[in-house]
file input-v1.txt (compact mmCIF, C-alpha atoms and all ligand atoms)
# COMPACT_ATOMS: atom_id res chain seq x y z
CA MET A 1 19.57 4.70 -0.44
CA ASN A 2 17.96 3.02 -3.39
CA ASN A 3 15.53 4.88 -5.54
CA TYR A 4 12.86 2.85 -7.23
CA GLN A 5 11.09 5.76 -8.92
CA VAL A 6 11.51 6.48 -12.60
CA ASN A 7 14.69 8.38 -13.54
CA LYS A 8 14.79 11.44 -15.77
CA ASN A 9 15.31 9.31 -18.86
CA GLY A 10 12.20 7.27 -18.21
CA TYR A 11 13.91 4.16 -16.84
CA TYR A 12 13.53 2.02 -13.74
CA GLY A 13 16.97 0.40 -13.62
CA GLU A 14 17.31 -1.29 -17.00
CA PHE A 15 13.55 -1.29 -17.61
CA GLY A 16 11.24 1.25 -19.20
CA GLY A 17 12.10 3.85 -21.84
CA ALA A 18 10.04 4.80 -24.86
CA TYR A 19 10.52 2.49 -27.85
CA ILE A 20 8.07 3.99 -30.27
CA PRO A 21 7.64 4.44 -34.00
CA GLU A 22 8.82 7.75 -35.44
CA ILE A 23 5.25 8.81 -36.16
CA LEU A 24 4.30 8.72 -32.44
CA TYR A 25 7.37 10.62 -31.27
CA ARG A 26 5.62 14.01 -31.23
CA CYS A 27 2.61 12.72 -29.25
CA VAL A 28 4.64 10.92 -26.62
CA GLU A 29 7.09 13.82 -26.37
CA GLU A 30 4.24 16.30 -25.93
CA LEU A 31 2.84 14.13 -23.15
CA ARG A 32 6.23 13.74 -21.50
CA GLU A 33 6.79 17.49 -21.53
CA SER A 34 3.41 18.34 -20.05
CA TYR A 35 2.31 15.56 -17.70
CA LEU A 36 4.21 16.56 -14.58
CA ASN A 37 3.31 20.22 -14.87
CA ILE A 38 -0.35 19.38 -15.29
CA LEU A 39 -0.50 16.70 -12.59
CA GLU A 40 1.20 19.02 -10.12
CA SER A 41 -0.84 22.14 -10.94
CA ASP A 42 -3.29 23.35 -8.28
CA ASP A 43 -6.06 23.51 -10.81
CA PHE A 44 -5.66 19.83 -11.81
CA LYS A 45 -5.22 18.62 -8.24
CA LYS A 46 -8.38 20.40 -7.16
CA GLU A 47 -10.59 19.04 -9.94
CA PHE A 48 -9.11 15.53 -9.65
CA SER A 49 -9.53 15.27 -5.90
CA LEU A 50 -13.09 16.61 -5.98
CA LEU A 51 -14.07 13.99 -8.56
CA LEU A 52 -12.28 11.26 -6.61
CA ARG A 53 -14.28 12.27 -3.55
CA ASP A 54 -17.74 12.95 -4.95
CA TYR A 55 -17.84 10.81 -8.09
CA VAL A 56 -15.67 7.81 -7.22
CA GLY A 57 -16.48 7.82 -3.50
CA ARG A 58 -12.97 8.20 -2.09
CA PRO A 59 -11.28 7.78 0.24
CA SER A 60 -11.91 4.07 -0.09
CA PRO A 61 -12.12 2.45 3.37
CA LEU A 62 -9.18 0.72 5.01
CA TYR A 63 -11.06 -2.14 6.60
CA LEU A 64 -9.69 -4.24 9.47
CA ALA A 65 -10.59 -7.79 8.43
CA LYS A 66 -10.89 -9.47 11.84
CA ARG A 67 -11.75 -13.02 10.83
CA LEU A 68 -9.18 -13.06 8.03
CA SER A 69 -6.60 -11.73 10.51
CA GLU A 70 -7.43 -14.55 12.94
CA LYS A 71 -6.97 -17.09 10.19
CA TYR A 72 -3.50 -15.80 9.22
CA LYS A 73 -2.44 -14.82 12.76
CA CYS A 74 -1.54 -11.20 12.08
CA THR A 75 -3.41 -7.91 11.51
CA ILE A 76 -4.82 -7.62 8.01
CA TYR A 77 -6.36 -4.48 6.58
CA LEU A 78 -8.12 -4.50 3.22
CA LYS A 79 -7.86 -1.40 1.03
CA ARG A 80 -11.33 -1.40 -0.51
CA GLU A 81 -10.89 -0.29 -4.15
CA ASP A 82 -13.83 -2.61 -4.88
CA LEU A 83 -16.11 0.06 -3.43
CA ASN A 84 -15.20 2.66 -6.05
CA HIS A 85 -17.71 3.74 -8.71
CA THR A 86 -17.51 1.14 -11.55
CA GLY A 87 -16.14 -1.41 -9.09
CA ALA A 88 -12.35 -1.18 -9.27
CA HIS A 89 -9.28 1.04 -9.06
CA LYS A 90 -9.20 1.69 -12.81
CA ILE A 91 -11.50 4.72 -12.57
CA ASN A 92 -8.77 6.69 -10.70
CA ASN A 93 -6.50 6.51 -13.73
CA ALA A 94 -9.24 7.09 -16.29
CA ILE A 95 -10.40 10.30 -14.60
CA GLY A 96 -6.86 11.58 -14.25
CA GLN A 97 -5.95 10.94 -17.88
CA VAL A 98 -9.13 12.45 -19.33
CA LEU A 99 -8.63 15.58 -17.19
CA LEU A 100 -5.07 15.73 -18.48
CA ALA A 101 -6.18 15.23 -22.09
CA ARG A 102 -8.61 18.13 -21.78
CA ARG A 103 -5.86 20.39 -20.50
CA MET A 104 -3.73 19.37 -23.49
CA GLY A 105 -6.55 20.44 -25.82
CA LYS A 106 -7.45 16.91 -26.97
CA LYS A 107 -10.98 16.31 -28.20
CA ARG A 108 -11.00 12.55 -28.67
CA ILE A 109 -10.16 9.65 -26.35
CA ILE A 110 -9.09 6.17 -27.40
CA ALA A 111 -8.41 3.17 -25.19
CA GLU A 112 -7.63 -0.53 -25.41
CA THR A 113 -9.39 -3.06 -23.26
CA GLY A 114 -9.09 -6.78 -22.56
CA ALA A 115 -11.76 -7.88 -20.13
CA GLY A 116 -13.54 -4.59 -20.67
CA GLN A 117 -12.95 -3.08 -17.24
CA HIS A 118 -10.62 -0.34 -18.46
CA GLY A 119 -12.90 0.28 -21.43
CA VAL A 120 -15.87 0.72 -19.11
CA ALA A 121 -13.91 3.05 -16.81
CA THR A 122 -12.78 5.18 -19.76
CA ALA A 123 -16.24 5.23 -21.37
CA THR A 124 -17.69 6.27 -18.00
CA VAL A 125 -15.37 9.23 -17.67
CA CYS A 126 -15.91 10.24 -21.31
CA ALA A 127 -19.67 10.30 -20.72
CA LEU A 128 -19.11 12.43 -17.63
CA MET A 129 -16.84 14.85 -19.49
CA ASN A 130 -18.61 14.80 -22.86
CA MET A 131 -15.64 13.47 -24.83
CA GLU A 132 -15.71 11.24 -27.92
CA CYS A 133 -14.57 7.74 -26.93
CA VAL A 134 -13.36 4.84 -29.09
CA VAL A 135 -12.44 1.57 -27.40
CA TYR A 136 -10.43 -1.15 -29.17
CA MET A 137 -11.17 -4.67 -28.04
CA GLY A 138 -10.12 -8.04 -29.47
CA LYS A 139 -13.00 -9.82 -31.15
CA THR A 140 -12.51 -12.85 -28.90
CA ASP A 141 -12.86 -10.59 -25.87
CA VAL A 142 -15.90 -8.83 -27.36
CA GLU A 143 -17.60 -12.23 -27.45
CA ARG A 144 -16.36 -13.32 -24.00
CA GLN A 145 -17.18 -10.04 -22.23
CA HIS A 146 -20.54 -9.21 -23.69
CA VAL A 147 -21.91 -7.33 -20.69
CA ASN A 148 -18.99 -4.90 -20.60
CA VAL A 149 -19.41 -4.26 -24.34
CA GLU A 150 -23.05 -3.36 -23.72
CA ARG A 151 -22.06 -1.10 -20.83
CA MET A 152 -19.56 0.79 -23.01
CA LYS A 153 -22.17 1.20 -25.74
CA MET A 154 -24.77 2.44 -23.29
CA LEU A 155 -22.21 4.96 -22.04
CA GLY A 156 -21.91 6.29 -25.59
CA ALA A 157 -18.54 4.82 -26.57
CA THR A 158 -17.77 3.19 -29.91
CA VAL A 159 -16.40 -0.33 -29.47
CA ARG A 160 -14.16 -1.43 -32.36
CA PRO A 161 -13.64 -5.22 -32.46
CA VAL A 162 -10.07 -6.13 -33.50
CA THR A 163 -9.59 -9.18 -35.71
CA SER A 164 -5.78 -9.33 -35.98
CA GLY A 165 -3.60 -11.86 -34.10
CA ASN A 166 -5.33 -13.81 -31.35
CA MET A 167 -7.97 -11.09 -31.20
CA THR A 168 -7.22 -10.31 -27.53
CA LEU A 169 -5.70 -7.50 -25.46
CA LYS A 170 -2.29 -7.34 -27.14
CA ASP A 171 -3.97 -6.97 -30.55
CA ALA A 172 -6.38 -4.33 -29.25
CA THR A 173 -3.38 -2.38 -27.93
CA ASN A 174 -1.64 -2.56 -31.31
CA GLU A 175 -4.78 -1.25 -32.98
CA ALA A 176 -5.14 1.63 -30.50
CA ILE A 177 -1.52 2.60 -31.18
CA ARG A 178 -2.28 2.54 -34.93
CA ASP A 179 -5.26 4.85 -34.38
CA TRP A 180 -3.08 7.24 -32.36
CA CYS A 181 -0.54 7.33 -35.18
CA CYS A 182 -3.35 8.48 -37.55
CA HIS A 183 -4.80 11.12 -35.21
CA PRO A 184 -1.86 12.50 -33.25
CA ALA A 185 -3.12 16.07 -32.98
CA ASP A 186 -6.60 15.72 -31.48
CA THR A 187 -6.46 12.33 -29.71
CA HIS A 188 -5.24 11.16 -26.32
CA TYR A 189 -4.61 7.46 -25.80
CA VAL A 190 -5.68 6.42 -22.28
CA ILE A 191 -3.53 3.40 -21.38
CA GLY A 192 -5.13 1.33 -18.61
CA SER A 193 -2.11 0.24 -16.59
CA THR A 194 1.49 1.08 -15.68
CA VAL A 195 2.68 -0.11 -19.09
CA GLY A 196 3.56 1.47 -22.43
CA PRO A 197 6.27 4.01 -23.29
CA HIS A 198 7.51 6.56 -20.76
CA PRO A 199 5.79 8.63 -19.35
CA TYR A 200 2.79 6.28 -19.14
CA PRO A 201 4.05 3.95 -16.39
CA ASP A 202 5.00 6.90 -14.18
CA MET A 203 1.88 8.89 -15.04
CA VAL A 204 -0.47 5.98 -14.25
CA ALA A 205 1.44 5.17 -11.04
CA ARG A 206 1.07 8.80 -9.92
CA LEU A 207 -2.65 8.84 -10.70
CA GLN A 208 -3.13 5.63 -8.72
CA SER A 209 -0.87 6.79 -5.88
CA VAL A 210 -3.94 8.23 -4.15
CA ILE A 211 -4.26 4.65 -2.83
CA SER A 212 -1.03 4.71 -0.80
CA GLU A 213 -1.56 8.34 0.14
CA GLU A 214 -4.81 7.27 1.80
CA ILE A 215 -3.26 4.14 3.33
CA LYS A 216 -0.71 6.34 5.12
CA LYS A 217 -3.37 8.54 6.70
CA GLN A 218 -5.72 5.67 7.50
CA LEU A 219 -3.04 3.46 9.07
CA LEU A 220 -1.92 6.34 11.25
CA GLU A 221 -5.49 6.67 12.51
CA HIS A 222 -5.95 2.94 13.11
CA GLU A 223 -2.51 1.90 14.31
CA GLY A 224 -0.65 5.05 15.31
CA ARG A 225 1.97 4.50 12.64
CA ASP A 226 1.73 5.29 8.96
CA TYR A 227 3.42 2.24 7.46
CA PRO A 228 2.59 -1.47 7.43
CA ASP A 229 5.00 -4.41 7.58
CA TYR A 230 3.59 -5.83 4.37
CA LEU A 231 1.83 -4.47 1.31
CA ILE A 232 0.18 -7.03 -0.94
CA ALA A 233 -1.40 -6.53 -4.37
CA CYS A 234 -2.03 -8.46 -7.57
CA ILE A 235 -0.31 -7.50 -10.83
CA GLY A 236 -1.59 -7.61 -14.37
CA GLY A 237 0.11 -4.57 -15.86
CA GLY A 238 0.68 -3.38 -12.32
CA SER A 239 -1.41 -0.25 -11.73
CA ASN A 240 -3.27 -1.17 -8.52
CA ALA A 241 0.01 -2.48 -7.10
CA ALA A 242 1.86 0.68 -8.15
CA GLY A 243 -0.80 2.80 -6.43
CA THR A 244 -0.61 0.67 -3.30
CA ILE A 245 3.17 0.87 -2.94
CA PHE A 246 3.92 4.29 -4.46
CA HIS A 247 4.61 6.21 -1.24
CA TYR A 248 6.44 3.26 0.33
CA LEU A 249 8.78 2.34 -2.52
CA ASP A 250 11.88 3.68 -0.82
CA ASP A 251 10.81 2.71 2.73
CA ASP A 252 12.56 -0.58 3.44
CA ARG A 253 10.57 -1.18 6.63
CA VAL A 254 7.75 -2.16 4.27
CA LYS A 255 7.90 -5.50 2.50
CA ILE A 256 6.27 -5.54 -0.92
CA ILE A 257 4.47 -8.69 -2.08
CA LEU A 258 3.20 -8.93 -5.65
CA ALA A 259 0.91 -11.69 -6.90
CA GLU A 260 0.94 -12.55 -10.58
CA ALA A 261 -1.31 -15.05 -12.32
CA GLY A 262 0.16 -18.54 -12.36
CA GLY A 263 -2.75 -19.85 -14.44
CA LYS A 264 -2.70 -23.64 -14.43
CA GLY A 265 0.88 -23.58 -13.08
CA ILE A 266 4.03 -21.83 -14.27
CA ASN A 267 5.27 -24.98 -16.02
CA SER A 268 1.95 -25.89 -17.59
CA GLY A 269 2.23 -23.76 -20.71
CA MET A 270 -0.94 -22.00 -19.56
CA SER A 271 0.19 -19.12 -17.40
CA ALA A 272 0.44 -15.35 -17.21
CA ALA A 273 3.29 -15.29 -14.67
CA THR A 274 5.34 -12.76 -16.60
CA ILE A 275 7.93 -12.11 -13.91
CA HIS A 276 8.56 -15.83 -13.34
CA LEU A 277 8.56 -16.78 -17.00
CA GLY A 278 9.53 -13.65 -18.89
CA ARG A 279 12.78 -12.44 -20.38
CA VAL A 280 13.70 -8.86 -21.16
CA GLY A 281 12.14 -7.62 -24.36
CA ILE A 282 10.15 -4.74 -25.76
CA ILE A 283 6.38 -4.67 -25.71
CA HIS A 284 4.12 -1.72 -26.44
CA GLY A 285 6.95 0.78 -26.26
CA SER A 286 8.57 -0.40 -23.04
CA ARG A 287 11.62 -2.51 -22.21
CA THR A 288 10.38 -4.96 -19.62
CA LEU A 289 9.94 -8.61 -18.73
CA LEU A 290 7.90 -10.32 -21.35
CA MET A 291 6.64 -13.83 -22.08
CA GLN A 292 8.30 -14.69 -25.40
CA ASN A 293 9.57 -17.70 -27.29
CA GLU A 294 13.14 -18.20 -28.53
CA ASP A 295 12.42 -16.07 -31.61
CA GLY A 296 11.10 -13.21 -29.51
CA GLN A 297 7.49 -13.87 -30.48
CA ILE A 298 5.04 -13.07 -27.72
CA ILE A 299 3.56 -16.12 -26.00
CA GLU A 300 -0.18 -15.83 -25.51
CA PRO A 301 -0.80 -15.62 -21.76
CA TYR A 302 -3.50 -17.50 -19.88
CA SER A 303 -5.23 -16.84 -16.56
CA ILE A 304 -8.67 -17.61 -15.17
CA SER A 305 -8.78 -13.89 -14.46
CA ALA A 306 -9.18 -11.79 -17.61
CA GLY A 307 -7.64 -8.73 -15.96
CA LEU A 308 -4.31 -10.46 -15.32
CA ASP A 309 -3.57 -12.13 -18.64
CA TYR A 310 -1.19 -9.63 -20.18
CA PRO A 311 2.11 -11.00 -21.57
CA GLY A 312 4.13 -8.08 -20.16
CA VAL A 313 4.28 -6.22 -16.86
CA GLY A 314 5.16 -2.65 -15.93
CA PRO A 315 8.85 -1.69 -16.00
CA LEU A 316 8.57 -0.47 -12.39
CA HIS A 317 7.57 -3.97 -11.33
CA SER A 318 10.23 -5.69 -13.44
CA ASN A 319 12.79 -3.56 -11.64
CA LEU A 320 11.31 -4.21 -8.18
CA ALA A 321 11.46 -7.94 -8.87
CA SER A 322 14.93 -8.06 -10.39
CA SER A 323 16.39 -5.88 -7.61
CA HIS A 324 14.58 -8.04 -4.99
CA ARG A 325 12.75 -5.03 -3.57
CA ALA A 326 9.55 -7.00 -4.11
CA THR A 327 8.77 -10.67 -3.59
CA VAL A 328 6.65 -12.05 -6.41
CA PHE A 329 4.41 -15.10 -6.08
CA ALA A 330 2.69 -16.86 -8.96
CA ILE A 331 -0.78 -17.73 -7.70
CA ASN A 332 -2.53 -20.43 -9.68
CA ASP A 333 -6.18 -20.39 -10.77
CA ASP A 334 -7.29 -22.88 -8.11
CA GLU A 335 -5.44 -21.03 -5.34
CA ALA A 336 -7.07 -17.75 -6.37
CA ILE A 337 -10.53 -19.31 -6.49
CA ARG A 338 -10.07 -20.79 -3.00
CA ALA A 339 -8.82 -17.47 -1.64
CA GLY A 340 -11.79 -15.69 -3.20
CA TYR A 341 -14.23 -18.08 -1.52
CA GLU A 342 -12.34 -17.78 1.75
CA LEU A 343 -12.70 -13.99 1.83
CA THR A 344 -16.34 -14.28 0.84
CA ARG A 345 -17.15 -16.66 3.69
CA LEU A 346 -14.96 -14.98 6.33
CA GLU A 347 -15.75 -11.34 5.63
CA GLY A 348 -18.76 -11.20 3.31
CA ILE A 349 -16.73 -9.59 0.54
CA ILE A 350 -16.68 -11.18 -2.92
CA PRO A 351 -13.40 -10.03 -4.47
CA ALA A 352 -12.61 -9.71 -8.17
CA LEU A 353 -10.73 -12.78 -9.40
CA GLU A 354 -7.73 -10.51 -9.96
CA SER A 355 -7.77 -9.44 -6.30
CA ALA A 356 -8.24 -13.08 -5.25
CA HIS A 357 -4.69 -13.66 -6.51
CA ALA A 358 -3.41 -11.14 -3.95
CA LEU A 359 -5.40 -12.97 -1.25
CA GLY A 360 -3.87 -16.25 -2.45
CA ALA A 361 -0.45 -14.92 -1.46
CA LEU A 362 -1.41 -14.81 2.24
CA GLU A 363 -0.82 -18.53 2.77
CA LYS A 364 2.66 -18.28 1.21
CA ILE A 365 3.97 -15.86 3.82
CA LYS A 366 5.11 -16.61 7.40
CA PHE A 367 3.66 -13.72 9.40
CA ARG A 368 4.52 -12.77 12.94
CA PRO A 369 1.58 -11.99 15.25
CA SER A 370 2.68 -8.33 15.43
CA ASP A 371 2.72 -7.90 11.63
CA ILE A 372 0.46 -5.30 10.08
CA VAL A 373 -0.57 -6.19 6.54
CA VAL A 374 -2.37 -4.04 3.99
CA LEU A 375 -3.83 -5.94 1.03
CA THR A 376 -5.52 -4.12 -1.82
CA VAL A 377 -8.83 -5.53 -2.98
CA SER A 378 -8.55 -4.02 -6.46
CA GLY A 379 -12.11 -4.76 -7.54
CA ARG A 380 -15.39 -6.50 -6.80
CA GLY A 381 -16.28 -9.99 -7.89
CA ASP A 382 -19.77 -9.44 -9.28
CA LYS A 383 -18.36 -9.78 -12.80
CA ASP A 384 -16.79 -13.13 -11.88
CA ILE A 385 -19.67 -14.97 -10.20
CA GLU A 386 -20.13 -17.44 -13.05
CA THR A 387 -16.43 -18.33 -13.02
CA TYR A 388 -16.44 -18.74 -9.25
CA LEU A 389 -19.48 -21.02 -9.37
CA ALA A 390 -18.13 -23.09 -12.26
CA ASN A 391 -14.95 -23.71 -10.23
CA GLN A 392 -16.45 -23.98 -6.74
CA PRO A 393 -14.04 -25.87 -4.43
CA ASP A 394 -15.52 -28.90 -2.63
CA ALA A 395 -14.76 -27.32 0.73
CA TYR A 396 -17.28 -24.56 -0.05
CA LYS A 397 -20.07 -26.67 -1.56
C1 LIG B 1 -7.60 -4.61 -14.51
C2 LIG B 1 -7.63 -5.12 -13.14
C3 LIG B 1 -6.46 -5.57 -12.50
C4 LIG B 1 -5.13 -5.67 -13.17
O1 LIG B 1 -4.60 -4.46 -13.58
P1 LIG B 1 -3.41 -3.75 -12.82
O2 LIG B 1 -3.02 -2.65 -13.74
O3 LIG B 1 -2.33 -4.75 -12.64
O4 LIG B 1 -3.93 -3.25 -11.53
C5 LIG B 1 -6.56 -5.99 -11.18
N1 LIG B 1 -7.73 -5.99 -10.53
C6 LIG B 1 -8.87 -5.57 -11.11
C7 LIG B 1 -10.14 -5.60 -10.34
C8 LIG B 1 -8.86 -5.13 -12.43
O5 LIG B 1 -10.00 -4.72 -13.01
call {"tool": "encode", "arguments": {"input": "input-v1.txt", "output": "C-alpha cells"}}
result
Amino acid sequence: MNNYQVNKNGYYGEFGGAYIPEILYRCVEELRESYLNILESDDFKKEFSLLLRDYVGRPSPLYLAKRLSEKYKCTIYLKREDLNHTGAHKINNAIGQVLLARRMGKKRIIAETGAGQHGVATATVCALMNMECVVYMGKTDVERQHVNVERMKMLGATVRPVTSGNMTLKDATNEAIRDWCCHPADTHYVIGSTVGPHPYPDMVARLQSVISEEIKKQLLEHEGRDYPDYLIACIGGGSNAAGTIFHYLDDDRVKIILAEAGGKGINSGMSAATIHLGRVGIIHGSRTLLMQNEDGQIIEPYSISAGLDYPGVGPLHSNLASSHRATVFAINDDEAIRAGYELTRLEGIIPALESAHALGALEKIKFRPSDIVVLTVSGRGDKDIETYLANQPDAYK
C-alpha cells in the first residue's frame, strides 16, 4: 500500500525536507524534536479540543446541500469551516501552534500574512493567550487589506509592513524568517499553511486534521459509512485541503480533488496554478513545486483570491499530484466567481473566494448519482463582497 504521509526524514516522496540557513537549524531542530510529543500529549489534546469546541465553535457542521446536489446530480455535503470563529479554518492551526509554543517556553509569536487572514487568526489567539505578536505583511498587502490590518492592531498585534521585493506574501515570509533568525530562543514562528521546512507541513496538517476526523464521524451519522467518494478542497499552501483529506490519504476508495487558482488562465501569465505551472525548486525551506523562470527566480503569482496567490504549494500536495493520488484542477477567476454566486443563490451561503475555487471544480467532474461528495467551504465570503460585486456575472444581475 502507498503511504502519503511524511516519512521520518521529513519527505513526501521527493518533496519536503528542511532547507534552512545554519542559523535556524537549532530552532527547527528543537521544533522537530518536540512537536509530536506535544501534539500527542493528553494535556495538549485536552486544551486544544476544549478551545476548538468552546472558542472556535467546533465541530463545524457537515451540511447536506440539497439544491447544489440536485444541480450536480449527486449527494454533496459542505464542511462548514466558514462558521468558525474568525471565519475560516486558519484558526485551528493558529490555536494549535500557540499552545505548542507555550509548552516550548516561547514568549513571543511572529507570523507572516498575505491577505491578512492568517495574521488575524494568529493575532486573535495571541490576544486570547496573552502573547506578544508581530505580524509581517508586504506593504502592498497592507494597503490592499486595510480592514485586516486594523483588526490585527485592535487585537494588540504589531503589524510590520515589508518593503522588499514585490512587497507581498513571499517578501513578508522572508522577513519573518529573518526575525526568527535574530530571536531564536524566545520566539515561535507560526506558519499559516502546510508549507515551510519540515516539520511545519506535517505539524499544520495534523492541527487541521480535526476537519477529516469530524467528517468521518459526521458522514457515518448521515450516510452510514464513514468515507465519501470524493473530497474536494481549494489549495493555496494547502492547509484546509490537508485537513480535509488527512484521515483518507491512504484510503483509495476516496478520490481527492484539489482546486488551485488558475487566475486569468494558466497560459495567460497571470496565474497561481503552481501544480500546473511549477517545477521542482526550493521555497521557504521546502523542496516543492514552484512557479519559477528559467533562472530559478520566483514568478509573482496572480489570483483574484488573495488567499490562493502563493508561488509554491505544500510538499504533501506536490507529491499527491505527481503520484496521481490527487486530481488537480486550475479554476480561473471567472469560474470561481460564478461558482461563488451559484452557491449563494442555491444555498444562501456566500463562500470565501478561495473556497469558490473548490466549488468551481464541481462542473469539471462526471459524478454518478450514487456519489457522495464532501467539499470544504474553507471560509466565508464577507471579506470578498466588493470583489464579487465588481465581477458580477450577467446571469446573476
Ligand atoms: C488562507 C485561505 C485559504 C488558502 O490556504 P490553505 O492553506 O491552502 O488552506 C483558503 N481558504 C480560505 C478561506 C483562506 O483564508
call {"tool": "residues_near_ligand", "arguments": {"input": "input-v1.txt", "ligand": "ligand LIG 1 (chain B)", "cutoff": "8 Å", "atoms": "only C-alpha atoms and all ligand atoms", "output": "PyMOL selection string"}}
result
chain A and resi 82+87-90+115+117-118+192-194+234-242+306-308+313+352-355+377-381
call {"tool": "residues_around", "arguments": {"input": "input-v1.txt", "residues": "Val147 (chain A)", "least_positions_apart": "4", "cutoff": "12 Å", "atoms": "all atoms listed in the file", "output": "PyMOL selection string"}}
result
chain A and resi 115-117+119-120+141-143+151-154+382-384
call {"tool": "closest_residue", "arguments": {"input": "input-v1.txt", "among": "A:Ser322, A:Thr274, A:Asn84, A:Asn93", "to": "Leu207 (chain A)", "atoms": "only C-alpha atoms"}}
result
A:Asn93
call {"tool": "atom_distance", "arguments": {"input": "input-v1.txt", "atom1": "CA of Val374 (chain A)", "atom2": "CA of Tyr77 (chain A)"}}
result
4.8 Å
call {"tool": "closest_residue", "arguments": {"input": "input-v1.txt", "among": "A:Leu249, A:Ala358, A:Ile372, A:Cys133", "to": "Leu64 (chain A)", "atoms": "all atoms listed in the file"}}
result
A:Ile372
call {"tool": "residues_around", "arguments": {"input": "input-v1.txt", "residues": "region 34-51 of chain A", "least_positions_apart": "3", "cutoff": "9 Å", "atoms": "all atoms listed in the file", "output": "list in words"}}
result
Glu29, Glu30, Leu31, Asp54, Tyr55, Val56, Gly57, Arg58, Asn92, Ile95, Gly96, Leu99, Leu100, Arg103, Met104, Pro199, Met203, Arg206 and Leu207 of chain A
call {"tool": "residues_around", "arguments": {"input": "input-v1.txt", "residues": "Pro315 (chain A)", "least_positions_apart": "2", "cutoff": "6 Å", "atoms": "only C-alpha atoms", "output": "PyMOL selection string"}}
result
chain A and resi 15-16+288+317-318
call {"tool": "atom_distance", "arguments": {"input": "input-v1.txt", "atom1": "CA of Tyr341 (chain A)", "atom2": "CA of Pro393 (chain A)"}}
result
8.3 Å
call {"tool": "closest_residue", "arguments": {"input": "input-v1.txt", "among": "A:Lys8, A:Ile177, A:Ala18, A:Gly360", "to": "Ile282 (chain A)", "atoms": "all atoms listed in the file"}}
result
A:Ala18
call {"tool": "residues_around", "arguments": {"input": "input-v1.txt", "residues": "Arg108 (chain A)", "least_positions_apart": "2", "cutoff": "10 Å", "atoms": "all atoms listed in the file", "output": "list in words"}}
result
Val98, Ala101, Arg102, Gly105, Lys106, Ile110, Cys126, Asn130, Met131, Glu132, Cys133, Val134, His183, Ala185, Asp186, Thr187, His188 and Tyr189 of chain A
call {"tool": "residues_around", "arguments": {"input": "input-v1.txt", "residues": "His357 (chain A)", "least_positions_apart": "3", "cutoff": "10 Å", "atoms": "all atoms listed in the file", "output": "number ranges by chain"}}
result
A: 232-235, 258-262, 305, 308, 329-340, 351-354, 360-362, 377
call {"tool": "write_last_selection", "arguments": {"input": "input-v1.txt", "atoms": "C-alpha atoms", "output": "PDB file, in the coordinates of the input"}}
result
ATOM      1  CA  ILE A 232       0.180  -7.030  -0.940  1.00  0.00           C
ATOM      2  CA  ALA A 233      -1.400  -6.530  -4.370  1.00  0.00           C
ATOM      3  CA  CYS A 234      -2.030  -8.460  -7.570  1.00  0.00           C
ATOM      4  CA  ILE A 235      -0.310  -7.500 -10.830  1.00  0.00           C
ATOM      5  CA  LEU A 258       3.200  -8.930  -5.650  1.00  0.00           C
ATOM      6  CA  ALA A 259       0.910 -11.690  -6.900  1.00  0.00           C
ATOM      7  CA  GLU A 260       0.940 -12.550 -10.580  1.00  0.00           C
ATOM      8  CA  ALA A 261      -1.310 -15.050 -12.320  1.00  0.00           C
ATOM      9  CA  GLY A 262       0.160 -18.540 -12.360  1.00  0.00           C
ATOM     10  CA  SER A 305      -8.780 -13.890 -14.460  1.00  0.00           C
ATOM     11  CA  LEU A 308      -4.310 -10.460 -15.320  1.00  0.00           C
ATOM     12  CA  PHE A 329       4.410 -15.100  -6.080  1.00  0.00           C
ATOM     13  CA  ALA A 330       2.690 -16.860  -8.960  1.00  0.00           C
ATOM     14  CA  ILE A 331      -0.780 -17.730  -7.700  1.00  0.00           C
ATOM     15  CA  ASN A 332      -2.530 -20.430  -9.680  1.00  0.00           C
ATOM     16  CA  ASP A 333      -6.180 -20.390 -10.770  1.00  0.00           C
ATOM     17  CA  ASP A 334      -7.290 -22.880  -8.110  1.00  0.00           C
ATOM     18  CA  GLU A 335      -5.440 -21.030  -5.340  1.00  0.00           C
ATOM     19  CA  ALA A 336      -7.070 -17.750  -6.370  1.00  0.00           C
ATOM     20  CA  ILE A 337     -10.530 -19.310  -6.490  1.00  0.00           C
ATOM     21  CA  ARG A 338     -10.070 -20.790  -3.000  1.00  0.00           C
ATOM     22  CA  ALA A 339      -8.820 -17.470  -1.640  1.00  0.00           C
ATOM     23  CA  GLY A 340     -11.790 -15.690  -3.200  1.00  0.00           C
ATOM     24  CA  PRO A 351     -13.400 -10.030  -4.470  1.00  0.00           C
ATOM     25  CA  ALA A 352     -12.610  -9.710  -8.170  1.00  0.00           C
ATOM     26  CA  LEU A 353     -10.730 -12.780  -9.400  1.00  0.00           C
ATOM     27  CA  GLU A 354      -7.730 -10.510  -9.960  1.00  0.00           C
ATOM     28  CA  GLY A 360      -3.870 -16.250  -2.450  1.00  0.00           C
ATOM     29  CA  ALA A 361      -0.450 -14.920  -1.460  1.00  0.00           C
ATOM     30  CA  LEU A 362      -1.410 -14.810   2.240  1.00  0.00           C
ATOM     31  CA  VAL A 377      -8.830  -5.530  -2.980  1.00  0.00           C
TER      32      VAL A 377
END
call {"tool": "closest_residue", "arguments": {"input": "input-v1.txt", "among": "A:Tyr25, A:Tyr310, A:Tyr19, A:Trp180", "to": "Ser286 (chain A)", "atoms": "all atoms listed in the file"}}
result
A:Tyr19
call {"tool": "atom_distance", "arguments": {"input": "input-v1.txt", "atom1": "CA of Gly114 (chain A)", "atom2": "CA of Ala172 (chain A)"}}
result
7.6 Å
call {"tool": "closest_residue", "arguments": {"input": "input-v1.txt", "among": "A:Ala157, A:Leu128, A:Ile365, A:Val190", "to": "Lys73 (chain A)", "atoms": "all atoms listed in the file"}}
result
A:Ile365
call {"tool": "residues_near_point", "arguments": {"input": "input-v1.txt", "point": "(-8.3, -16.1, -28.5)", "cutoff": "9 Å", "atoms": "all atoms listed in the file", "output": "JSON, numbers by chain"}}
result
{"A": [138, 139, 140, 141, 165, 166, 167, 168, 300]}
call {"tool": "closest_residue", "arguments": {"input": "input-v1.txt", "among": "A:Leu155, A:Ala127, A:Ile298, A:Ile91", "to": "Gly281 (chain A)", "atoms": "all atoms listed in the file"}}
result
A:Ile298
call {"tool": "residues_near_point", "arguments": {"input": "input-v1.txt", "point": "(1.5, -0.8, 9.9)", "cutoff": "8 Å", "atoms": "all atoms listed in the file", "output": "ChimeraX atom specification"}}
result
/A:219,223,225-230,371-374
